[in-house]
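Asks: A single structure is presented below for examination.
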Amino acid sequence: MNEIKMRSLVKQLHSADPGDRYEALGTLYELKGQDDLKIRVEMLKDMVKEAATSFPERVDVWDNPSLGLVEFVCDYPMPEIIDEMLLRFDGLDPDAKVRALECLLLTKDEGIFQEIHDKTVQLITHEEVVLPVEELCEFPVLLRGIVDKTIDQLDSPFYKYLYYDFITAINESGVEAGYKRARILPVLLADYEKLRDEYLKYDGEYRSDYAYQSWKESYFQLRYRLNVLIGLMNFYYSEEAEGFLKEAVSFKDPRISTNAVVVAMNKNIPVQPKILQSLSAHVESAEMMYWGLAEHNKEHLFPVSPKQPVLAKAHLFNHLVHLQDEEGEDLNIFPENIQVVDSVDTVNSYGQPLRYYLMSFSHGDDVLAAWVGGYSLEEEDDSADMWEGTHTDLEPIQKRTVEEHKQLFLKKRDEYARENEQTLYYESSPSLSKGLWFFYAILISHWIRVFMNGIDEEVYISIGFTLLGGILTLYELWKKKRSAVVIVGRELRKVTGEKKESIPLQEIKKVTYDKKQISVYNKENVLAMKVPLRWVEYGEFYYAMVEQTGHLREQPYIEE
């Protein structure tokens, strides 16, 4: 889409006709999904500016042009866009401010943290919005400053449990254990008692199928909130909290009970072995128990051995009950009779040994197949660490023999690996040199003078310069076509004419840059590749590198 059409689209968002606005927002959403869309920085800045203007009164939840525009520009988190977003922040719709905060936080730029702090405090004080909890919790020092200024929101019905998430992050990060204990402890205990009383209405008849098939969201919110408060008793412990923990250990909901057991054991409160054994073997709670113990270096107390099969059952259960279709709709699967059928030991694309389990589970009248894994075998044969690759085609287990299931699984892995090797994740070529742009500027000003002063015999000099400019342009374009930096499969590659350089992503230790070039260092901290900075838009290159290395166990340092 050219810029004229884009500006027309932005103008349409101000239409008094809701139908026009709906159409424009739909088009904007479609454009957002186009990976190859090119748009000038100035246009993006104008879109942020427009997002901060007034729009016709909303007619429905979708009718939020300010949010739509901010959502679009957040795909281009370049410094100029971030600066414009900070400048225009106060004029944005409240929901657009939340999206802008997410974008600002994702830059991880400590230079703008004070502005983020001030704007977040202002937003919380004057609006009721669903704040970006996960993003804010990544920066506990910043978060503590925000909560310091707004701690009274702990008494707000709207913000209360969001603030408990914030308080959890501040404590767990180590920034300040027991943060504002005198202020928080009595409120926490009172809130827990209310939730506990509400939970006890369910406890007598708790069953997993009731929870996942009938009670669903209202119950899951209650469970989540109870678990947050139980977790906080690690940091806000008292005699009353001890009594609550001892009671919760015996609750029939295995996830609440498991959380209470982990906190109780961390506080040296005795837990009956049969309770620990039962929860460690339950499909709802086995993984939660293991990793809860591991968080406090108590994984040796996990009573089930070998642990991979029971962890695989629990992992599959949690995978299936949250499984969605391509439209994001819940499939409402409640798996029963989950069994380990067989296993396959293989390696991933980095040569690391993994184990996948062939599983079966009942869903309605069908017994279906699934794969869980892969569990890392690098350090031990019964490790709980895994590279996530759990999946199911919802195919009947009896459709194939066990050996056929295993052969098909390995075949699909090989096909995926070959496809991944050829997948282009990022590509950029050199921009035209500054010298050529300077030449263009001189040439344009020269022709303007020629036309203003009249054409004379010196026009041939102008024509000669123009031809020279054309030749230089063709040469630059020829060089641009033969030069590129790309991320293909698991490699970063640089191409200069016939010369090709590459480095596997897992071999990169760090990536830095200065005013002229990007430097890529290998694991031995030796400079392995240099890329001229003008070959890339560094913000886009940075995000591509972070995205493609985020799954690595040893992630490289990528300078922001």
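Naming scheme: A, B, ... for chains in displayed order of the structure tokens; residues 1 onward per chain; ligands 1 onward as shown.
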Using only C-alpha atoms, determine which residues lie at most 8 Å from Asp203 (chain A), disregarding the query and same-chain residues fewer than 4 positions distant; provide the list as an mmCIF file with N, CA and C atoms, in the first residue's frame.

Replies:
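Resulting contents of part-v9.cif:
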```cif
data_model
loop_
_atom_site.group_PDB
_atom_site.id
_atom_site.type_symbol
_atom_site.label_atom_id
_atom_site.label_comp_id
_atom_site.auth_asym_id
_atom_site.auth_seq_id
_atom_site.Cartn_x
_atom_site.Cartn_y
_atom_site.Cartn_z
ATOM 1 N N TYR A 199 -13.762 -20.842 48.412
ATOM 2 C CA TYR A 199 -13.273 -22.123 47.888
ATOM 3 C C TYR A 199 -13.921 -23.309 48.590
ATOM 4 N N PHE A 251 -6.495 -29.634 51.017
ATOM 5 C CA PHE A 251 -7.576 -29.304 50.085
ATOM 6 C C PHE A 251 -7.625 -30.341 48.968
ATOM 7 N N LYS A 252 -8.821 -30.555 48.412
ATOM 8 C CA LYS A 252 -8.984 -31.577 47.373
ATOM 9 C C LYS A 252 -8.522 -31.110 45.994
ATOM 10 N N ASP A 253 -8.448 -29.799 45.786
ATOM 11 C CA ASP A 253 -7.899 -29.299 44.521
ATOM 12 C C ASP A 253 -6.392 -29.540 44.548
#
```

Asks: Can you pull out the residues contacting Lys510 (chain A)? Cut-off 10 Å, using only C-alpha atoms, and skip same-chain residues under 6 positions away; I want them as a list in words.

Replies: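 Those residues are Ser519, Val520, Tyr521, Asn522, Lys523, Asn525, Val526, Leu527, Gln555, Pro556, Tyr557, Ile558 and Glu559 of chain A.
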
Asks: When DSSP is applied to the backbone of this structure, which of region 191-440 of chain A are assigned helix (DSSP H, G or I)? Write them out as a PyMOL selection string.

Replies: chain A and resi 191-203+208-232+239-248+254-266+273-281+286-295+299-301+308-321+397-399+402-422+434-440

Asks: For the residues in that selection, give me C-alpha atoms as a short mmCIF file (atom, residue, chain, number, x, y, z; two decimals), in the first residue's frame.

Replies:
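Contents of again.cif, as written:
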```cif
data_model
loop_
_atom_site.label_atom_id
_atom_site.label_comp_id
_atom_site.auth_asym_id
_atom_site.auth_seq_id
_atom_site.Cartn_x
_atom_site.Cartn_y
_atom_site.Cartn_z
CA ASP A 191 -8.23 -11.44 51.46
CA TYR A 192 -7.07 -15.05 51.76
CA GLU A 193 -9.70 -15.82 54.36
CA LYS A 194 -12.44 -14.49 52.06
CA LEU A 195 -11.17 -16.57 49.13
CA ARG A 196 -10.76 -19.64 51.34
CA ASP A 197 -14.37 -19.39 52.48
CA GLU A 198 -15.46 -19.14 48.85
CA TYR A 199 -13.27 -22.12 47.89
CA LEU A 200 -14.64 -24.35 50.65
CA LYS A 201 -18.01 -24.30 48.86
CA TYR A 202 -16.28 -26.32 46.09
CA ASP A 203 -13.87 -28.44 48.12
CA SER A 208 -10.91 -32.60 37.93
CA ASP A 209 -13.65 -33.16 35.35
CA TYR A 210 -16.02 -30.84 37.24
CA ALA A 211 -13.36 -28.12 37.34
CA TYR A 212 -12.41 -28.34 33.66
CA GLN A 213 -15.79 -29.16 32.13
CA SER A 214 -18.38 -27.44 34.31
CA TRP A 215 -16.97 -24.85 36.70
CA LYS A 216 -14.30 -23.52 34.33
CA GLU A 217 -13.41 -19.82 34.29
CA SER A 218 -15.07 -18.61 37.49
CA TYR A 219 -13.44 -21.43 39.43
CA PHE A 220 -10.06 -21.05 37.72
CA GLN A 221 -9.94 -17.38 38.70
CA LEU A 222 -10.62 -18.36 42.32
CA ARG A 223 -7.91 -21.06 42.15
CA TYR A 224 -5.39 -18.64 40.62
CA ARG A 225 -5.99 -15.97 43.24
CA LEU A 226 -5.75 -18.45 46.11
CA ASN A 227 -2.47 -19.75 44.74
CA VAL A 228 -1.05 -16.23 44.41
CA LEU A 229 -1.82 -15.50 48.06
CA ILE A 230 -0.50 -18.88 49.23
CA GLY A 231 2.70 -18.21 47.29
CA LEU A 232 3.06 -14.83 49.00
CA GLU A 239 1.27 -17.74 62.89
CA GLU A 240 -2.06 -17.15 61.15
CA ALA A 241 -0.49 -17.88 57.75
CA GLU A 242 0.90 -21.15 59.15
CA GLY A 243 -2.60 -22.22 60.13
CA PHE A 244 -3.93 -21.45 56.68
CA LEU A 245 -1.09 -23.44 55.05
CA LYS A 246 -1.66 -26.50 57.24
CA GLU A 247 -5.32 -26.47 56.24
CA ALA A 248 -4.68 -25.89 52.50
CA PRO A 254 -4.45 -30.78 43.76
CA ARG A 255 -3.03 -27.53 42.39
CA ILE A 256 -3.96 -25.51 45.46
CA SER A 257 -2.83 -28.32 47.74
CA THR A 258 0.49 -28.65 45.87
CA ASN A 259 1.19 -24.94 46.17
CA ALA A 260 0.49 -25.10 49.90
CA VAL A 261 2.75 -28.17 50.28
CA VAL A 262 5.66 -26.41 48.55
CA VAL A 263 5.34 -23.33 50.77
CA ALA A 264 4.84 -25.47 53.89
CA MET A 265 7.98 -27.53 53.17
CA ASN A 266 9.90 -24.32 52.54
CA PRO A 273 4.33 -38.53 52.96
CA LYS A 274 1.11 -39.91 51.49
CA ILE A 275 -0.02 -36.37 50.56
CA LEU A 276 3.32 -35.64 48.91
CA GLN A 277 3.21 -38.97 47.05
CA SER A 278 -0.37 -38.49 45.88
CA LEU A 279 0.18 -34.96 44.56
CA SER A 280 3.45 -35.96 42.87
CA ALA A 281 1.63 -38.64 40.87
CA ALA A 286 2.92 -33.56 39.26
CA GLU A 287 4.78 -30.97 37.18
CA MET A 288 3.76 -28.18 39.53
CA MET A 289 5.07 -30.17 42.50
CA TYR A 290 8.42 -31.00 40.89
CA TRP A 291 9.19 -27.49 39.70
CA GLY A 292 7.88 -25.96 42.93
CA LEU A 293 10.33 -28.08 44.89
CA ALA A 294 13.11 -27.39 42.39
CA GLU A 295 12.63 -23.63 42.77
CA GLU A 299 13.73 -31.46 43.94
CA HIS A 300 15.43 -34.43 45.62
CA LEU A 301 12.30 -34.67 47.80
CA GLN A 308 9.83 -38.53 33.35
CA PRO A 309 6.79 -40.79 32.73
CA VAL A 310 4.67 -39.14 35.43
CA LEU A 311 5.82 -35.66 34.39
CA ALA A 312 4.98 -36.54 30.77
CA LYS A 313 1.44 -37.50 31.78
CA ALA A 314 1.00 -34.25 33.68
CA HIS A 315 2.49 -32.22 30.84
CA LEU A 316 0.13 -33.79 28.32
CA PHE A 317 -2.88 -33.18 30.57
CA ASN A 318 -2.08 -29.47 30.88
CA HIS A 319 -1.34 -29.24 27.15
CA LEU A 320 -4.66 -30.80 26.16
CA VAL A 321 -6.97 -28.94 28.55
CA ILE A 397 -3.82 -44.63 18.59
CA GLN A 398 -5.04 -47.84 16.93
CA LYS A 399 -4.78 -46.34 13.45
CA VAL A 402 3.49 -48.43 17.76
CA GLU A 403 6.40 -48.83 15.36
CA GLU A 404 4.49 -46.97 12.62
CA HIS A 405 3.75 -44.10 15.03
CA LYS A 406 7.45 -43.86 15.84
CA GLN A 407 8.57 -43.98 12.21
CA LEU A 408 6.04 -41.30 11.22
CA PHE A 409 7.19 -39.11 14.11
CA LEU A 410 10.84 -39.35 13.04
CA LYS A 411 9.94 -38.74 9.39
CA LYS A 412 8.03 -35.56 10.28
CA ARG A 413 10.95 -34.33 12.41
CA ASP A 414 13.34 -34.81 9.50
CA GLU A 415 10.98 -32.98 7.13
CA TYR A 416 10.59 -30.10 9.56
CA ALA A 417 14.35 -29.87 10.06
CA ARG A 418 14.95 -29.69 6.29
CA GLU A 419 12.23 -27.08 5.87
CA ASN A 420 13.63 -25.03 8.74
CA GLU A 421 17.08 -25.09 7.15
CA GLN A 422 15.68 -23.19 4.14
CA LYS A 434 25.04 9.01 1.93
CA GLY A 435 27.44 10.21 -0.74
CA LEU A 436 24.95 9.35 -3.48
CA TRP A 437 22.12 11.11 -1.66
CA PHE A 438 24.38 14.17 -1.33
CA PHE A 439 25.06 13.98 -5.07
CA TYR A 440 21.30 13.86 -5.73
#
```

Asks: With distances taken over only C-alpha atoms, which of A:Ile508, A:Leu185, A:Phe166, A:Asp46 is nearest to Arg7 (chain A)?

Replies: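 Smallest separation from Arg7 (chain A) among the options: A:Asp46.
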
Asks: At a cut-off of 6 Å, using only C-alpha atoms, what residues contact region 334-337 of chain A? Leave out same-chain residues fewer than 3 positions from it and give the result as a list of chain:residue names.

Replies: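 Within the cut-off, the hits are A:Val321, A:Phe361, A:Ser362, A:His363.
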
Asks: Write out, as a PDB file, in the first residue's frame, the residues just selected, with C-alpha atoms.

Replies:
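Okay, this is what ended up in out-v2.pdb:
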```pdb
ATOM      1  CA  VAL A 321      -6.969 -28.938  28.547  1.00  0.00           C
ATOM      2  CA  PHE A 361      -5.414 -40.668  26.158  1.00  0.00           C
ATOM      3  CA  SER A 362      -9.173 -41.094  26.153  1.00  0.00           C
ATOM      4  CA  HIS A 363     -11.419 -38.322  24.886  1.00  0.00           C
TER       5      HIS A 363
END
```

Asks: CA of Gly26 (chain A) and CA of Ala51 (chain A) are how many Å apart?

Replies: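 So the two atoms, CA of Gly26 (chain A) and CA of Ala51 (chain A), lie 16.1 Å apart.
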
Asks: So that I can see what lies close to region 179-184 of chain A, please list as a PyMOL selection string the residues with an atom at most 12 Å from it, counting only C-alpha atoms and leaving out residues fewer than 2 positions away in the same chain.

Replies: chain A and resi 140-141+144-145+147-148+151-155+160+163-164+166-177+186-192+229+232-238

Asks: Quick one: pull the distance between CA of Leu533 (chain A) and CA of Ser483 (chain A), Å, one decimal.

Replies: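 Taking CA of Leu533 (chain A) as the start and CA of Ser483 (chain A) as the end point, the length is 12.9 Å.
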
Asks: In region 335-450 of chain A, what's strand (DSSP E or B) per DSSP? Answer as a JSON list (two decimals) with C-alpha atoms, in the first residue's frame?

Replies:
```
[["chain", "number", "residue", "atom", "x", "y", "z"],
["A", 336, "GLU", "CA", -8.66, -39.32, 30.77],
["A", 337, "ASN", "CA", -6.64, -42.51, 31.23],
["A", 338, "ILE", "CA", -3.39, -40.93, 30.02],
["A", 339, "GLN", "CA", -0.79, -43.66, 29.42],
["A", 340, "VAL", "CA", 2.82, -43.89, 28.28],
["A", 341, "VAL", "CA", 2.94, -46.22, 25.27],
["A", 342, "ASP", "CA", 6.59, -46.02, 24.20],
["A", 343, "SER", "CA", 9.46, -43.58, 23.77],
["A", 344, "VAL", "CA", 11.93, -42.43, 21.12],
["A", 345, "ASP", "CA", 15.44, -41.17, 21.82],
["A", 346, "THR", "CA", 16.68, -38.77, 19.15],
["A", 347, "VAL", "CA", 18.66, -35.52, 18.80],
["A", 353, "PRO", "CA", 20.02, -35.86, 22.86],
["A", 354, "LEU", "CA", 16.27, -35.80, 23.57],
["A", 355, "ARG", "CA", 13.53, -38.25, 24.51],
["A", 356, "TYR", "CA", 9.93, -38.08, 23.30],
["A", 357, "TYR", "CA", 7.12, -40.17, 24.75],
["A", 358, "LEU", "CA", 4.35, -41.70, 22.65],
["A", 359, "MET", "CA", 1.21, -41.30, 24.76],
["A", 360, "SER", "CA", -2.41, -42.36, 24.58],
["A", 361, "PHE", "CA", -5.41, -40.67, 26.16],
["A", 362, "SER", "CA", -9.17, -41.09, 26.15],
["A", 363, "HIS", "CA", -11.42, -38.32, 24.89],
["A", 366, "ASP", "CA", -11.92, -42.30, 21.33],
["A", 367, "VAL", "CA", -8.42, -43.30, 22.40],
["A", 368, "LEU", "CA", -6.03, -40.85, 20.74],
["A", 369, "ALA", "CA", -2.27, -40.53, 20.29],
["A", 370, "ALA", "CA", 0.06, -37.72, 21.33],
["A", 371, "TRP", "CA", 3.76, -37.02, 21.69],
["A", 372, "VAL", "CA", 5.32, -35.39, 24.76],
["A", 373, "GLY", "CA", 8.86, -34.04, 24.94],
["A", 374, "GLY", "CA", 11.59, -33.71, 24.23],
["A", 375, "TYR", "CA", 13.21, -34.33, 27.57],
["A", 376, "SER", "CA", 16.89, -33.45, 27.66],
["A", 386, "MET", "CA", 12.66, -30.31, 28.16],
["A", 391, "HIS", "CA", 1.71, -32.13, 20.12],
["A", 396, "PRO", "CA", -6.70, -42.71, 17.04],
["A", 424, "LEU", "CA", 14.23, -17.13, 5.59],
["A", 425, "TYR", "CA", 13.58, -15.30, 8.86],
["A", 426, "TYR", "CA", 15.27, -11.98, 8.10],
["A", 427, "GLU", "CA", 16.81, -10.24, 5.10],
["A", 428, "SER", "CA", 18.25, -6.78, 4.57]]
```

Asks: Show which residues sit within 10 Å of Thr27 (chain A), as a count of residues only. Count only C-alpha atoms, and ignore same-chain residues fewer than 5 positions away.

Replies: 5

Asks: Let me make sure I understand: among A:Asn297, A:Gln517, A:Gln548, A:Asn2, which one has the smallest atom-to-atom distance to Pro430 (chain A) if we use only C-alpha atoms?

Replies: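 Once distances to Pro430 (chain A) are computed over only C-alpha atoms, the minimum belongs to A:Gln517.
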
Asks: List as a tab-separated table every residue of region 496-548 of chain A that is in contact with region 100-113 of chain A, defined as an atom at most 12 Å from one of its atoms (using only C-alpha atoms), together with the nearest atom pair and the distance in Å rounded to one decimal, sorted by chain and then rising number.

Replies:
```
residue	atom	partner	partner_atom	distance
A:Gly539	CA	A:Thr107	CA	9.5
A:Glu540	CA	A:Thr107	CA	11.8
A:Tyr542	CA	A:Thr107	CA	10.4
A:Tyr543	CA	A:Thr107	CA	9.7
A:Val546	CA	A:Leu106	CA	11.6
```

Asks: Go through A:Ala24, A:Leu31, A:Ile333, A:Ala384 and flag the residue nearest Gly364 (chain A), using only C-alpha atoms for the distances.

Replies: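 Among A:Ala24, A:Leu31, A:Ile333, A:Ala384, it is A:Ile333 that comes nearest to Gly364 (chain A).
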
Asks: Go through A:Pro65, A:Pro532, A:Gly328, A:Pro94 and flag the residue nearest Ala484 (chain A), using only C-alpha atoms for the distances.

Replies: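 Answer, going by the shortest atom-to-atom distance: A:Pro532.
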
Asks: Can you tell me which residues surround Glu42 (chain A) at a distance of at most 12 Å, considering only C-alpha atoms, apart from same-chain residues fewer than 4 positions away, and format the answer as a list in words?

Replies: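 Final neighbour list, sorted by chain and number: Glu3, Arg7, Asp46, Met47, Val48, Lys49, Val73, Tyr76, Met78, Glu80, Ile81 and Glu84 of chain A.
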
Asks: Measure the distance from CA of Leu142 (chain A) to CA of Leu92 (chain A) in Å and round it to one decimal.

Replies: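 CA of Leu92 (chain A) lies 22.3 Å from CA of Leu142 (chain A).
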